[in-house]
Amino acid sequence: MTLHIRPACPRDDRNAILQLWHRNLPNATPERFHWMYASGPGRCWLALSRDGVPIGSAGLMVRDWFLAGHPCQVGQAIDLNVDMAHRSFGCALELERAVLKGAYESGLAFVYALPSESAVPIFKRLGFRELGIMSRKVAWFTTASLVQRLVKRRSIARPLAWFLDPFLPLRQPRSLLTDYSFETVRDFPSSLAGLESPGRFPFGCIGSRDPRYLRWRSLGTPNASISLLRRGSTEVVGYILSSRGSSECVTVLDFFFHDPEAGIALFQRFAKEMLEQGAATVQLSFLGASEIDAWLEANGFLARASKETVLVHVPRDDGWTDRQHWYFTRVDLDVD
């Protein structure tokens, strides 16, 4: 089958791509197209049949990044979709090949992806390597719901939860909390800029946490807010970007802190505030250095099953396919 693949114009090709999404990516919306491509950093490609009919599309979300302390740009391969009748003719492979070609021609350092399980072989045929599984972790602010499921009698469950809660890691008092100030805000202060800069964070492969990016990334997230930890009156030493819907669970999209002491203070202050607002649990996703995984588990986060596989394509492997160099959360992805 003869294919023609070309860069797409968000204005001229919008309807064609939205029709493809309707057929192949039912959860993708016109609002997402505007957020990512019309007004955001996304680029897109369109696959046409020999007759000029759109049969597939793919995208690339461009990000500012730090690689070994040097600023650069990278991309995430996103929104790959092909009409059912053309999925056995190599259209998806050629679309992603065009995405990679466009990425490297524009100077991007590497491309990463979080493909569906069925698309993983396509990416691996193009040279993507498995960086690792995006681990999902859960912690509790209170044991009330857990105890209620195990002990049906409320007269027993309530006092039992009240007795157990102080033993939760996020509820244990620490004297160091008095050294910090904590606040939750709706916008991203300029003082966040440079928080992840070289010399202030020990990992060599990390996306920029610039306030402009965080502001854009959180636009599509309901009830997003950012909790700041300051040492002294001005210096921001950590933050948590989170969202909460109608459930008792809070989702952390991103978390960041300078040192373990600041991290403990940050999460314990966050837990106290969320508990006061009626939340019972917190969940987050992380991929990167094992010392961060160990810190999370030591502070009450338990691992849950996850099938989200992050792949990375690098023109020259200088060790960046080793997850120990990475710091990667949901804010580095195009979806929550």
# chains A, B, ... in the order shown; residues from 1 in each chain; ligands from 1
>>> residues_around(residues="range 121-134 of chain A", least_positions_apart="2", cutoff="10 Å", atoms="only C-alpha atoms", output="PDB file with N, CA and C atoms, in the first residue's frame")
ATOM      1  N   ALA A  77       6.440  11.033  22.089  1.00  0.00           N
ATOM      2  CA  ALA A  77       5.593  10.559  20.993  1.00  0.00           C
ATOM      3  C   ALA A  77       4.199  10.269  21.534  1.00  0.00           C
ATOM      4  N   GLY A  90       1.693  -1.342   7.939  1.00  0.00           N
ATOM      5  CA  GLY A  90       2.875  -0.586   8.335  1.00  0.00           C
ATOM      6  C   GLY A  90       2.661   0.902   8.478  1.00  0.00           C
ATOM      7  N   ALA A  92       1.369   2.648  11.023  1.00  0.00           N
ATOM      8  CA  ALA A  92       1.802   3.135  12.338  1.00  0.00           C
ATOM      9  C   ALA A  92       3.317   3.232  12.409  1.00  0.00           C
ATOM     10  N   LEU A  93       3.994   2.238  11.853  1.00  0.00           N
ATOM     11  CA  LEU A  93       5.461   2.237  11.852  1.00  0.00           C
ATOM     12  C   LEU A  93       5.998   3.442  11.088  1.00  0.00           C
ATOM     13  N   GLU A  94       5.407   3.719   9.926  1.00  0.00           N
ATOM     14  CA  GLU A  94       5.889   4.838   9.106  1.00  0.00           C
ATOM     15  C   GLU A  94       5.544   6.185   9.739  1.00  0.00           C
ATOM     16  N   GLU A  96       5.442   6.812  13.009  1.00  0.00           N
ATOM     17  CA  GLU A  96       6.422   7.048  14.068  1.00  0.00           C
ATOM     18  C   GLU A  96       7.820   7.270  13.518  1.00  0.00           C
ATOM     19  N   ARG A  97       8.108   6.670  12.383  1.00  0.00           N
ATOM     20  CA  ARG A  97       9.397   6.939  11.737  1.00  0.00           C
ATOM     21  C   ARG A  97       9.479   8.408  11.317  1.00  0.00           C
ATOM     22  N   LEU A 100      10.061  10.567  14.463  1.00  0.00           N
ATOM     23  CA  LEU A 100      11.466  10.550  14.870  1.00  0.00           C
ATOM     24  C   LEU A 100      12.320  11.416  13.941  1.00  0.00           C
ATOM     25  N   VAL A 111      13.659  11.104  22.221  1.00  0.00           N
ATOM     26  CA  VAL A 111      12.203  10.993  22.208  1.00  0.00           C
ATOM     27  C   VAL A 111      11.810   9.866  23.161  1.00  0.00           C
ATOM     28  N   TYR A 112      10.805  10.106  23.980  1.00  0.00           N
ATOM     29  CA  TYR A 112      10.288   9.052  24.849  1.00  0.00           C
ATOM     30  C   TYR A 112       8.815   8.818  24.541  1.00  0.00           C
ATOM     31  N   ALA A 113       8.271   7.725  25.064  1.00  0.00           N
ATOM     32  CA  ALA A 113       6.889   7.371  24.748  1.00  0.00           C
ATOM     33  C   ALA A 113       6.308   6.512  25.860  1.00  0.00           C
ATOM     34  N   LEU A 114       4.993   6.599  26.012  1.00  0.00           N
ATOM     35  CA  LEU A 114       4.237   5.713  26.889  1.00  0.00           C
ATOM     36  C   LEU A 114       3.148   5.070  26.029  1.00  0.00           C
ATOM     37  N   PRO A 115       3.520   4.120  25.165  1.00  0.00           N
ATOM     38  CA  PRO A 115       2.558   3.567  24.211  1.00  0.00           C
ATOM     39  C   PRO A 115       1.618   2.559  24.853  1.00  0.00           C
ATOM     40  N   SER A 116       0.519   2.292  24.171  1.00  0.00           N
ATOM     41  CA  SER A 116      -0.366   1.215  24.594  1.00  0.00           C
ATOM     42  C   SER A 116       0.376  -0.111  24.456  1.00  0.00           C
ATOM     43  N   GLU A 117      -0.129  -1.107  25.155  1.00  0.00           N
ATOM     44  CA  GLU A 117       0.541  -2.411  25.139  1.00  0.00           C
ATOM     45  C   GLU A 117       0.670  -2.953  23.725  1.00  0.00           C
ATOM     46  N   SER A 118      -0.354  -2.742  22.902  1.00  0.00           N
ATOM     47  CA  SER A 118      -0.322  -3.265  21.536  1.00  0.00           C
ATOM     48  C   SER A 118       0.657  -2.510  20.638  1.00  0.00           C
ATOM     49  N   ALA A 119       0.982  -1.261  21.014  1.00  0.00           N
ATOM     50  CA  ALA A 119       1.881  -0.448  20.185  1.00  0.00           C
ATOM     51  C   ALA A 119       3.342  -0.589  20.567  1.00  0.00           C
ATOM     52  N   ARG A 136       3.330   2.782  40.345  1.00  0.00           N
ATOM     53  CA  ARG A 136       2.219   3.478  41.000  1.00  0.00           C
ATOM     54  C   ARG A 136       2.303   3.203  42.487  1.00  0.00           C
ATOM     55  N   LYS A 137       2.185   4.248  43.292  1.00  0.00           N
ATOM     56  CA  LYS A 137       2.315   4.108  44.741  1.00  0.00           C
ATOM     57  C   LYS A 137       1.146   4.798  45.440  1.00  0.00           C
ATOM     58  N   LEU A 284       0.502   8.410  43.526  1.00  0.00           N
ATOM     59  CA  LEU A 284       1.432   9.062  42.612  1.00  0.00           C
ATOM     60  C   LEU A 284       2.106   8.018  41.750  1.00  0.00           C
ATOM     61  N   SER A 285       2.731   8.472  40.671  1.00  0.00           N
ATOM     62  CA  SER A 285       3.495   7.592  39.782  1.00  0.00           C
ATOM     63  C   SER A 285       4.898   8.142  39.655  1.00  0.00           C
ATOM     64  N   PHE A 286       5.863   7.236  39.571  1.00  0.00           N
ATOM     65  CA  PHE A 286       7.262   7.655  39.484  1.00  0.00           C
ATOM     66  C   PHE A 286       8.070   6.622  38.719  1.00  0.00           C
ATOM     67  N   LEU A 287       9.034   7.132  37.954  1.00  0.00           N
ATOM     68  CA  LEU A 287      10.020   6.281  37.297  1.00  0.00           C
ATOM     69  C   LEU A 287      11.363   6.981  37.405  1.00  0.00           C
ATOM     70  N   GLY A 288      12.340   6.289  37.968  1.00  0.00           N
ATOM     71  CA  GLY A 288      13.650   6.917  38.090  1.00  0.00           C
ATOM     72  C   GLY A 288      14.524   6.215  39.100  1.00  0.00           C
ATOM     73  N   ALA A 305       0.281  -2.521  41.411  1.00  0.00           N
ATOM     74  CA  ALA A 305       0.564  -3.071  40.078  1.00  0.00           C
ATOM     75  C   ALA A 305       0.423  -1.986  39.013  1.00  0.00           C
ATOM     76  N   SER A 306       1.310  -2.018  38.045  1.00  0.00           N
ATOM     77  CA  SER A 306       1.276  -1.051  36.946  1.00  0.00           C
ATOM     78  C   SER A 306       1.801  -1.715  35.679  1.00  0.00           C
ATOM     79  N   LYS A 307       1.184  -1.384  34.541  1.00  0.00           N
ATOM     80  CA  LYS A 307       1.623  -1.901  33.254  1.00  0.00           C
ATOM     81  C   LYS A 307       2.116  -0.792  32.334  1.00  0.00           C
ATOM     82  N   GLU A 308       2.284   0.408  32.887  1.00  0.00           N
ATOM     83  CA  GLU A 308       2.700   1.546  32.056  1.00  0.00           C
ATOM     84  C   GLU A 308       4.208   1.471  31.796  1.00  0.00           C
ATOM     85  N   THR A 309       4.567   1.187  30.563  1.00  0.00           N
ATOM     86  CA  THR A 309       5.966   1.038  30.189  1.00  0.00           C
ATOM     87  C   THR A 309       6.443   2.272  29.446  1.00  0.00           C
ATOM     88  N   VAL A 310       7.481   2.906  29.958  1.00  0.00           N
ATOM     89  CA  VAL A 310       8.065   4.076  29.307  1.00  0.00           C
ATOM     90  C   VAL A 310       9.223   3.604  28.430  1.00  0.00           C
ATOM     91  N   LEU A 311       9.195   4.027  27.176  1.00  0.00           N
ATOM     92  CA  LEU A 311      10.249   3.706  26.217  1.00  0.00           C
ATOM     93  C   LEU A 311      11.006   4.974  25.862  1.00  0.00           C
ATOM     94  N   VAL A 312      12.268   4.832  25.456  1.00  0.00           N
ATOM     95  CA  VAL A 312      13.062   5.998  25.081  1.00  0.00           C
ATOM     96  C   VAL A 312      13.899   5.669  23.853  1.00  0.00           C
ATOM     97  N   HIS A 313      14.000   6.639  22.949  1.00  0.00           N
ATOM     98  CA  HIS A 313      14.813   6.508  21.734  1.00  0.00           C
ATOM     99  C   HIS A 313      15.906   7.567  21.788  1.00  0.00           C
ATOM    100  N   VAL A 314      17.146   7.138  21.785  1.00  0.00           N
ATOM    101  CA  VAL A 314      18.271   8.070  21.827  1.00  0.00           C
ATOM    102  C   VAL A 314      19.157   7.823  20.615  1.00  0.00           C
ATOM    103  N   PRO A 315      19.577   8.890  19.912  1.00  0.00           N
ATOM    104  CA  PRO A 315      20.447   8.703  18.746  1.00  0.00           C
ATOM    105  C   PRO A 315      21.783   8.064  19.116  1.00  0.00           C
ATOM    106  N   TRP A 320      21.811   7.161  28.991  1.00  0.00           N
ATOM    107  CA  TRP A 320      20.542   7.769  29.358  1.00  0.00           C
ATOM    108  C   TRP A 320      19.378   6.809  29.294  1.00  0.00           C
ATOM    109  N   THR A 321      19.600   5.557  28.880  1.00  0.00           N
ATOM    110  CA  THR A 321      18.537   4.564  28.960  1.00  0.00           C
ATOM    111  C   THR A 321      18.559   3.827  30.295  1.00  0.00           C
ATOM    112  N   ASP A 322      19.416   4.258  31.208  1.00  0.00           N
ATOM    113  CA  ASP A 322      19.457   3.721  32.566  1.00  0.00           C
ATOM    114  C   ASP A 322      18.543   4.571  33.446  1.00  0.00           C
ATOM    115  N   ARG A 323      17.515   3.978  34.002  1.00  0.00           N
ATOM    116  CA  ARG A 323      16.526   4.724  34.782  1.00  0.00           C
ATOM    117  C   ARG A 323      17.133   5.403  36.010  1.00  0.00           C
ATOM    118  N   GLN A 324      18.283   4.948  36.472  1.00  0.00           N
ATOM    119  CA  GLN A 324      18.898   5.539  37.661  1.00  0.00           C
ATOM    120  C   GLN A 324      19.266   7.001  37.446  1.00  0.00           C
ATOM    121  N   TRP A 326      17.261   9.100  35.861  1.00  0.00           N
ATOM    122  CA  TRP A 326      16.026   9.815  35.545  1.00  0.00           C
ATOM    123  C   TRP A 326      15.247  10.235  36.776  1.00  0.00           C
ATOM    124  N   PHE A 328      11.179  11.168  36.792  1.00  0.00           N
ATOM    125  CA  PHE A 328      10.093  11.179  35.828  1.00  0.00           C
ATOM    126  C   PHE A 328       8.772  10.936  36.554  1.00  0.00           C
ATOM    127  N   THR A 329       7.840  11.891  36.439  1.00  0.00           N
ATOM    128  CA  THR A 329       6.532  11.773  37.078  1.00  0.00           C
ATOM    129  C   THR A 329       5.439  11.989  36.036  1.00  0.00           C
ATOM    130  N   ARG A 330       4.189  12.024  36.497  1.00  0.00           N
ATOM    131  CA  ARG A 330       3.080  12.186  35.553  1.00  0.00           C
ATOM    132  C   ARG A 330       3.113  13.533  34.853  1.00  0.00           C
TER     133      ARG A 330
END
>>> select_by_dssp(residues="range 6-136 of chain A", states="alpha helix (DSSP H)", output="ChimeraX atom specification")
/A:14-24,30-33,91-105,120-125
>>> select_by_dssp(residues="range 111-146 of chain A", states="strand (DSSP E)", output="list in words")
Val111, Tyr112, Ala113, Arg129, Glu130, Leu131, Gly132, Ile133, Ser135, Arg136, Lys137, Val138, Ala139 and Trp140 of chain A
>>> atom_distance(atom1="CA of Ser88 in chain A", atom2="CA of Ala103 in chain A")
25.1 Å
>>> atom_distance(atom1="CA of Glu105 in chain A", atom2="CA of Ile5 in chain A")
15.9 Å
>>> atom_distance(atom1="CA of Ile17 in chain A", atom2="CA of Ile78 in chain A")
13.2 Å
>>> closest_residue(among="A:Arg304, A:Arg217, A:Arg209, A:His4", to="Cys91 in chain A", atoms="only C-alpha atoms")
A:His4
>>> closest_residue(among="A:Gly69, A:Gly42, A:Gly52, A:Gly238", to="Cys205 in chain A", atoms="only C-alpha atoms")
A:Gly69
>>> residues_around(residues="Trp45 in chain A", least_positions_apart="5", cutoff="8 Å", atoms="only C-alpha atoms", output="PDB file with C-alpha atoms, in the first residue's frame")
ATOM      1  CA  ILE A   5       3.009  11.066   5.403  1.00  0.00           C
ATOM      2  CA  ARG A   6       3.414  14.785   5.940  1.00  0.00           C
ATOM      3  CA  PRO A   7       3.529  17.283   8.805  1.00  0.00           C
ATOM      4  CA  ALA A   8       0.018  18.408   9.703  1.00  0.00           C
ATOM      5  CA  SER A  57      -1.986  10.518  12.594  1.00  0.00           C
ATOM      6  CA  ALA A  58       0.654  10.882  15.297  1.00  0.00           C
ATOM      7  CA  GLY A  59       1.959  13.658  17.500  1.00  0.00           C
ATOM      8  CA  LEU A  95       4.084   7.502  11.114  1.00  0.00           C
ATOM      9  CA  ALA A  98       8.315  10.352  10.426  1.00  0.00           C
ATOM     10  CA  VAL A  99       7.916  11.631  13.999  1.00  0.00           C
TER      11      VAL A  99
END
>>> residues_around(residues="range 184-188 of chain A", least_positions_apart="2", cutoff="10 Å", atoms="only C-alpha atoms", output="number ranges by chain")
A: 182, 190-193, 210-215, 218, 223-229, 239-241, 270, 273
